[in-house]
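Working notes for the structure below.
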Amino acid sequence: MKRLILTVFIIFLCFSAFAFSMDVAADAFVLKDFVMRGTDCQGSADARIPLDSDFQIRVPVRVTYKTGRVCVESSLNVAYYPFSKGLFFSLSMVDMAYLYNISNKTATLYTLNEIEAGWTFPVAEKFFIEPSVCIRDPSGTFSAEYGELKGIFSSYSRIRIRLCCGYHLFKED
(Lines give C-alpha, C1' and ligand atoms only; values in the text may rest on other atoms or scores of the structure.)
Protein backbone atom coordinates (compact mmCIF):
# COMPACT_ATOMS: atom_id res chain seq x y z
CA MET A 1 0.00 0.00 0.00
CA LYS A 2 2.86 2.36 0.85
CA ARG A 3 4.48 1.66 -2.52
CA LEU A 4 1.26 2.42 -4.40
CA ILE A 5 0.76 5.72 -2.58
CA LEU A 6 4.42 6.64 -3.10
CA THR A 7 4.20 5.80 -6.83
CA VAL A 8 1.07 7.92 -7.31
CA PHE A 9 2.67 10.79 -5.36
CA ILE A 10 5.85 10.65 -7.50
CA ILE A 11 3.81 10.62 -10.73
CA PHE A 12 1.76 13.58 -9.49
CA LEU A 13 4.93 15.46 -8.47
CA CYS A 14 6.65 14.82 -11.82
CA PHE A 15 3.60 15.93 -13.79
CA SER A 16 3.21 19.09 -11.73
CA ALA A 17 6.91 19.96 -11.97
CA PHE A 18 7.00 19.83 -15.77
CA ALA A 19 3.51 20.99 -16.63
CA PHE A 20 2.45 24.53 -17.43
CA SER A 21 -1.13 23.79 -16.50
CA MET A 22 -2.74 21.41 -14.02
CA ASP A 23 -6.25 20.70 -12.76
CA VAL A 24 -7.53 18.72 -9.78
CA ALA A 25 -11.00 17.24 -9.37
CA ALA A 26 -12.97 15.15 -6.89
CA ASP A 27 -16.02 12.98 -7.43
CA ALA A 28 -18.99 14.50 -5.57
CA PHE A 29 -21.04 11.31 -5.94
CA VAL A 30 -19.31 9.91 -2.84
CA LEU A 31 -22.09 11.81 -1.03
CA LYS A 32 -24.65 9.48 -2.64
CA ASP A 33 -23.13 6.50 -0.81
CA PHE A 34 -23.45 8.30 2.53
CA VAL A 35 -27.02 9.50 1.88
CA MET A 36 -28.23 6.08 0.71
CA ARG A 37 -26.53 4.51 3.76
CA GLY A 38 -24.96 1.67 1.85
CA THR A 39 -22.58 -0.81 3.41
CA ASP A 40 -19.66 0.75 1.56
CA CYS A 41 -18.68 3.99 -0.11
CA GLN A 42 -16.56 4.91 -3.10
CA GLY A 43 -14.85 8.21 -3.86
CA SER A 44 -12.17 9.48 -6.19
CA ALA A 45 -9.92 12.42 -6.87
CA ASP A 46 -7.58 13.05 -9.77
CA ALA A 47 -4.84 15.26 -11.12
CA ARG A 48 -5.06 16.35 -14.75
CA ILE A 49 -2.36 17.63 -17.04
CA PRO A 50 -3.58 19.24 -20.29
CA LEU A 51 -1.20 18.34 -23.13
CA ASP A 52 -2.93 20.68 -25.59
CA SER A 53 -6.51 21.83 -26.20
CA ASP A 54 -7.58 18.31 -27.29
CA PHE A 55 -5.73 15.87 -24.98
CA GLN A 56 -5.28 15.50 -21.26
CA ILE A 57 -3.42 13.05 -19.01
CA ARG A 58 -5.38 12.10 -15.90
CA VAL A 59 -4.15 10.28 -12.81
CA PRO A 60 -7.22 9.35 -10.74
CA VAL A 61 -7.08 7.67 -7.34
CA ARG A 62 -10.26 5.88 -6.28
CA VAL A 63 -10.91 4.48 -2.82
CA THR A 64 -13.69 2.02 -2.02
CA TYR A 65 -14.24 1.26 1.66
CA LYS A 66 -16.28 -1.32 3.49
CA THR A 67 -15.84 -2.32 7.11
CA GLY A 68 -12.79 -4.54 7.19
CA ARG A 69 -11.71 -3.97 3.59
CA VAL A 70 -10.36 -1.13 1.50
CA CYS A 71 -9.63 -1.01 -2.23
CA VAL A 72 -7.30 1.66 -3.63
CA GLU A 73 -7.35 1.98 -7.41
CA SER A 74 -5.23 4.23 -9.57
CA SER A 75 -4.78 4.55 -13.29
CA LEU A 76 -3.14 6.54 -16.03
CA ASN A 77 -5.86 7.82 -18.37
CA VAL A 78 -5.81 9.74 -21.63
CA ALA A 79 -8.78 12.05 -22.22
CA TYR A 80 -9.67 13.35 -25.68
CA TYR A 81 -11.76 16.47 -26.28
CA PRO A 82 -12.87 16.19 -29.95
CA PHE A 83 -14.14 19.80 -30.02
CA SER A 84 -11.33 21.21 -27.81
CA LYS A 85 -13.80 21.71 -24.95
CA GLY A 86 -17.01 20.26 -23.57
CA LEU A 87 -17.44 16.64 -24.71
CA PHE A 88 -14.64 14.24 -23.76
CA PHE A 89 -13.78 10.55 -23.96
CA SER A 90 -11.29 8.95 -21.58
CA LEU A 91 -9.48 5.61 -21.79
CA SER A 92 -7.35 3.99 -19.08
CA MET A 93 -3.91 2.99 -20.32
CA VAL A 94 -2.87 1.33 -17.04
CA ASP A 95 -5.34 0.62 -14.23
CA MET A 96 -4.39 -1.22 -11.04
CA ALA A 97 -6.37 -1.89 -7.86
CA TYR A 98 -4.98 -2.91 -4.49
CA LEU A 99 -7.47 -4.70 -2.21
CA TYR A 100 -6.48 -4.89 1.44
CA ASN A 101 -8.34 -7.07 3.95
CA ILE A 102 -7.83 -5.39 7.33
CA SER A 103 -9.00 -8.32 9.46
CA ASN A 104 -6.55 -10.96 8.20
CA LYS A 105 -3.97 -8.53 6.76
CA THR A 106 -3.95 -9.94 3.22
CA ALA A 107 -3.65 -7.98 -0.01
CA THR A 108 -4.52 -8.67 -3.62
CA LEU A 109 -3.49 -6.74 -6.73
CA TYR A 110 -5.89 -6.50 -9.70
CA THR A 111 -5.43 -5.30 -13.27
CA LEU A 112 -8.47 -3.40 -14.54
CA ASN A 113 -9.59 -1.07 -17.36
CA GLU A 114 -12.34 1.45 -18.06
CA ILE A 115 -13.64 4.01 -20.51
CA GLU A 116 -15.48 7.21 -19.69
CA ALA A 117 -17.48 9.84 -21.56
CA GLY A 118 -18.77 13.14 -20.26
CA TRP A 119 -18.97 16.88 -20.57
CA THR A 120 -16.85 19.56 -18.90
CA PHE A 121 -18.69 22.76 -17.91
CA PRO A 122 -16.69 25.82 -16.81
CA VAL A 123 -18.34 27.36 -13.73
CA ALA A 124 -16.05 30.31 -13.11
CA GLU A 125 -12.61 31.28 -14.29
CA LYS A 126 -10.89 28.53 -12.27
CA PHE A 127 -13.70 26.06 -11.47
CA PHE A 128 -15.47 23.39 -13.51
CA ILE A 129 -17.96 20.56 -13.07
CA GLU A 130 -17.92 17.41 -15.10
CA PRO A 131 -20.76 14.88 -15.24
CA SER A 132 -19.68 11.61 -16.84
CA VAL A 133 -20.51 7.95 -17.28
CA CYS A 134 -17.77 5.40 -16.65
CA ILE A 135 -17.95 1.85 -18.01
CA ARG A 136 -15.62 -0.55 -16.25
CA ASP A 137 -14.19 -3.45 -18.23
CA PRO A 138 -15.98 -2.62 -21.52
CA SER A 139 -14.34 -5.53 -23.35
CA GLY A 140 -15.02 -8.13 -20.64
CA THR A 141 -11.31 -8.97 -20.41
CA PHE A 142 -11.15 -8.67 -16.61
CA SER A 143 -14.61 -10.04 -15.74
CA ALA A 144 -13.26 -12.31 -12.96
CA GLU A 145 -11.49 -9.39 -11.26
CA TYR A 146 -14.53 -7.15 -11.49
CA GLY A 147 -16.76 -9.98 -10.29
CA GLU A 148 -14.61 -10.38 -7.17
CA LEU A 149 -14.65 -6.65 -6.43
CA LYS A 150 -18.42 -6.43 -7.04
CA GLY A 151 -18.92 -9.37 -4.68
CA ILE A 152 -17.10 -7.49 -1.92
CA PHE A 153 -18.29 -3.92 -2.55
CA SER A 154 -21.92 -3.32 -3.50
CA SER A 155 -21.10 0.18 -4.82
CA TYR A 156 -18.51 -1.23 -7.27
CA SER A 157 -20.82 -1.42 -10.28
CA ARG A 158 -19.89 -1.92 -13.94
CA ILE A 159 -21.42 1.45 -14.86
CA ARG A 160 -20.78 4.39 -12.56
CA ILE A 161 -22.08 7.91 -12.91
CA ARG A 162 -19.63 10.53 -11.71
CA LEU A 163 -19.92 14.23 -10.99
CA CYS A 164 -16.45 15.70 -10.69
CA CYS A 165 -15.97 19.14 -9.21
CA GLY A 166 -12.65 20.62 -10.22
CA TYR A 167 -10.27 23.51 -9.93
CA HIS A 168 -7.59 24.80 -12.31
CA LEU A 169 -4.48 25.00 -10.10
CA PHE A 170 -2.20 26.40 -12.74
CA LYS A 171 -3.78 27.64 -15.91
CA GLU A 172 -2.01 28.82 -19.03
CA ASP A 173 -3.22 32.18 -20.29
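Residue names in the C-alpha coordinates use chain letters A, B, ... in the order shown, residue numbers from 1 in each chain, and ligand numbers from 1 in the order shown.
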
Contacts of region 78-116 of chain A with region 139-149 of chain A up to 8 Å, shortest pair per row, only C-alpha atoms, as JSON lines:
```
{"residue": "A:Tyr110", "atom": "CA", "partner": "A:Glu145", "partner_atom": "CA", "distance": 6.5}
{"residue": "A:Thr111", "atom": "CA", "partner": "A:Phe142", "partner_atom": "CA", "distance": 7.4}
{"residue": "A:Leu112", "atom": "CA", "partner": "A:Phe142", "partner_atom": "CA", "distance": 6.3}
{"residue": "A:Asn113", "atom": "CA", "partner": "A:Phe142", "partner_atom": "CA", "distance": 7.8}
```

Inset, instruction - Find the residues around Ser84 (chain A) up to 7 Å (only C-alpha atoms counted), leave out those fewer than 3 positions away in its own chain, and share them as JSON, numbers by chain. - result: {"A": [53, 54, 81]}

Inset, instruction - Write out as a ChimeraX atom specification which residues come within 12 Å of region 120-134 of chain A when counting only C-alpha atoms, dropping same-chain ones fewer than 4 positions away. - result: /A:21-29,79-81,83-92,113-116,138,156-173

Inset, instruction - Assign secondary structure with DSSP using the backbone only, and return the residues of region 11-158 of chain A in strand (DSSP E) as JSON, numbers by chain. - result: {"A": [22, 23, 24, 25, 26, 27, 40, 41, 42, 43, 44, 45, 46, 47, 48, 49, 50, 55, 56, 57, 58, 59, 60, 61, 62, 63, 64, 65, 66, 69, 70, 71, 72, 73, 74, 75, 76, 77, 78, 79, 80, 87, 88, 89, 90, 91, 92, 93, 94, 95, 96, 97, 98, 99, 100, 101, 106, 107, 108, 109, 110, 111, 114, 115, 116, 117, 118, 119, 121, 122, 127, 128, 129, 130, 131, 132, 133, 134, 135, 136]}

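The coordinates place CA of Asp46 (chain A) at 19.3 Å from CA of Leu99 (chain A).
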
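Secondary structure of region 66-160 of chain A, alpha helix (DSSP H) only (DSSP, backbone atoms): Ser143, Ala144, Glu145, Tyr146, Gly147, Glu148, Leu149, Lys150, Gly151 and Ile152 of chain A.
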
Using all heavy atoms, can you write the selected residues to a file as a PDB file, in the first residue's frame?
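Result file result.pdb:
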```
ATOM      1  N   SER A 143     -13.311  -9.776 -16.390  1.00  0.00           N
ATOM      2  CA  SER A 143     -14.608 -10.040 -15.743  1.00  0.00           C
ATOM      3  C   SER A 143     -14.450 -10.750 -14.398  1.00  0.00           C
ATOM      4  O   SER A 143     -15.231 -10.494 -13.476  1.00  0.00           O
ATOM      5  CB  SER A 143     -15.521 -10.822 -16.671  1.00  0.00           C
ATOM      6  OG  SER A 143     -14.921 -12.039 -17.044  1.00  0.00           O
ATOM      7  N   ALA A 144     -13.472 -11.624 -14.243  1.00  0.00           N
ATOM      8  CA  ALA A 144     -13.264 -12.311 -12.959  1.00  0.00           C
ATOM      9  C   ALA A 144     -12.852 -11.317 -11.874  1.00  0.00           C
ATOM     10  O   ALA A 144     -13.355 -11.380 -10.744  1.00  0.00           O
ATOM     11  CB  ALA A 144     -12.201 -13.400 -13.109  1.00  0.00           C
ATOM     12  N   GLU A 145     -11.940 -10.392 -12.224  1.00  0.00           N
ATOM     13  CA  GLU A 145     -11.487  -9.391 -11.257  1.00  0.00           C
ATOM     14  C   GLU A 145     -12.639  -8.478 -10.835  1.00  0.00           C
ATOM     15  O   GLU A 145     -12.832  -8.212  -9.647  1.00  0.00           O
ATOM     16  CB  GLU A 145     -10.341  -8.552 -11.845  1.00  0.00           C
ATOM     17  CG  GLU A 145      -9.032  -9.288 -11.983  1.00  0.00           C
ATOM     18  CD  GLU A 145      -8.892 -10.054 -13.294  1.00  0.00           C
ATOM     19  OE1 GLU A 145      -9.917 -10.305 -13.971  1.00  0.00           O
ATOM     20  OE2 GLU A 145      -7.755 -10.416 -13.629  1.00  0.00           O
ATOM     21  N   TYR A 146     -13.404  -8.020 -11.812  1.00  0.00           N
ATOM     22  CA  TYR A 146     -14.527  -7.148 -11.490  1.00  0.00           C
ATOM     23  C   TYR A 146     -15.609  -7.905 -10.719  1.00  0.00           C
ATOM     24  O   TYR A 146     -16.262  -7.339  -9.845  1.00  0.00           O
ATOM     25  CB  TYR A 146     -15.106  -6.513 -12.760  1.00  0.00           C
ATOM     26  CG  TYR A 146     -14.302  -5.335 -13.220  1.00  0.00           C
ATOM     27  CD1 TYR A 146     -13.425  -5.439 -14.277  1.00  0.00           C
ATOM     28  CD2 TYR A 146     -14.415  -4.106 -12.577  1.00  0.00           C
ATOM     29  CE1 TYR A 146     -12.676  -4.349 -14.694  1.00  0.00           C
ATOM     30  CE2 TYR A 146     -13.668  -3.012 -12.988  1.00  0.00           C
ATOM     31  CZ  TYR A 146     -12.803  -3.143 -14.048  1.00  0.00           C
ATOM     32  OH  TYR A 146     -12.062  -2.071 -14.455  1.00  0.00           O
ATOM     33  N   GLY A 147     -15.800  -9.161 -11.025  1.00  0.00           N
ATOM     34  CA  GLY A 147     -16.758  -9.977 -10.291  1.00  0.00           C
ATOM     35  C   GLY A 147     -16.374 -10.107  -8.821  1.00  0.00           C
ATOM     36  O   GLY A 147     -17.235 -10.032  -7.941  1.00  0.00           O
ATOM     37  N   GLU A 148     -15.082 -10.307  -8.558  1.00  0.00           N
ATOM     38  CA  GLU A 148     -14.607 -10.381  -7.172  1.00  0.00           C
ATOM     39  C   GLU A 148     -14.842  -9.066  -6.437  1.00  0.00           C
ATOM     40  O   GLU A 148     -15.336  -9.061  -5.309  1.00  0.00           O
ATOM     41  CB  GLU A 148     -13.103 -10.693  -7.139  1.00  0.00           C
ATOM     42  CG  GLU A 148     -12.780 -12.137  -7.049  1.00  0.00           C
ATOM     43  CD  GLU A 148     -11.296 -12.366  -6.879  1.00  0.00           C
ATOM     44  OE1 GLU A 148     -10.725 -11.948  -5.850  1.00  0.00           O
ATOM     45  OE2 GLU A 148     -10.701 -12.963  -7.797  1.00  0.00           O
ATOM     46  N   LEU A 149     -14.479  -7.951  -7.069  1.00  0.00           N
ATOM     47  CA  LEU A 149     -14.652  -6.646  -6.426  1.00  0.00           C
ATOM     48  C   LEU A 149     -16.130  -6.330  -6.215  1.00  0.00           C
ATOM     49  O   LEU A 149     -16.511  -5.793  -5.176  1.00  0.00           O
ATOM     50  CB  LEU A 149     -13.968  -5.557  -7.245  1.00  0.00           C
ATOM     51  CG  LEU A 149     -12.441  -5.617  -7.245  1.00  0.00           C
ATOM     52  CD1 LEU A 149     -11.854  -4.634  -8.253  1.00  0.00           C
ATOM     53  CD2 LEU A 149     -11.888  -5.359  -5.864  1.00  0.00           C
ATOM     54  N   LYS A 150     -16.979  -6.663  -7.176  1.00  0.00           N
ATOM     55  CA  LYS A 150     -18.423  -6.434  -7.041  1.00  0.00           C
ATOM     56  C   LYS A 150     -19.005  -7.305  -5.930  1.00  0.00           C
ATOM     57  O   LYS A 150     -19.913  -6.895  -5.214  1.00  0.00           O
ATOM     58  CB  LYS A 150     -19.122  -6.709  -8.381  1.00  0.00           C
ATOM     59  CG  LYS A 150     -20.617  -6.619  -8.335  1.00  0.00           C
ATOM     60  CD  LYS A 150     -21.093  -5.218  -8.040  1.00  0.00           C
ATOM     61  CE  LYS A 150     -22.609  -5.172  -8.064  1.00  0.00           C
ATOM     62  NZ  LYS A 150     -23.155  -4.105  -7.291  1.00  0.00           N
ATOM     63  N   GLY A 151     -18.476  -8.494  -5.749  1.00  0.00           N
ATOM     64  CA  GLY A 151     -18.919  -9.371  -4.677  1.00  0.00           C
ATOM     65  C   GLY A 151     -18.585  -8.830  -3.290  1.00  0.00           C
ATOM     66  O   GLY A 151     -19.297  -9.086  -2.329  1.00  0.00           O
ATOM     67  N   ILE A 152     -17.519  -8.071  -3.195  1.00  0.00           N
ATOM     68  CA  ILE A 152     -17.100  -7.494  -1.918  1.00  0.00           C
ATOM     69  C   ILE A 152     -17.770  -6.151  -1.666  1.00  0.00           C
ATOM     70  O   ILE A 152     -18.268  -5.882  -0.578  1.00  0.00           O
ATOM     71  CB  ILE A 152     -15.562  -7.343  -1.881  1.00  0.00           C
ATOM     72  CG1 ILE A 152     -14.904  -8.720  -1.972  1.00  0.00           C
ATOM     73  CG2 ILE A 152     -15.118  -6.599  -0.632  1.00  0.00           C
ATOM     74  CD1 ILE A 152     -13.420  -8.687  -2.251  1.00  0.00           C
TER      75      ILE A 152
END
```

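Separating CA of Val61 (chain A) from CA of Ser74 (chain A) is a distance of 4.5 Å.
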
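Reported to one decimal place, the separation of CA of Ala97 (chain A) from CA of Cys71 (chain A) is 6.6 Å.
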
Legend entry - Nearest candidate to Leu51 (chain A) (options A:Val78, A:Tyr65, A:Lys105, A:Val70; using only C-alpha atoms): A:Val78
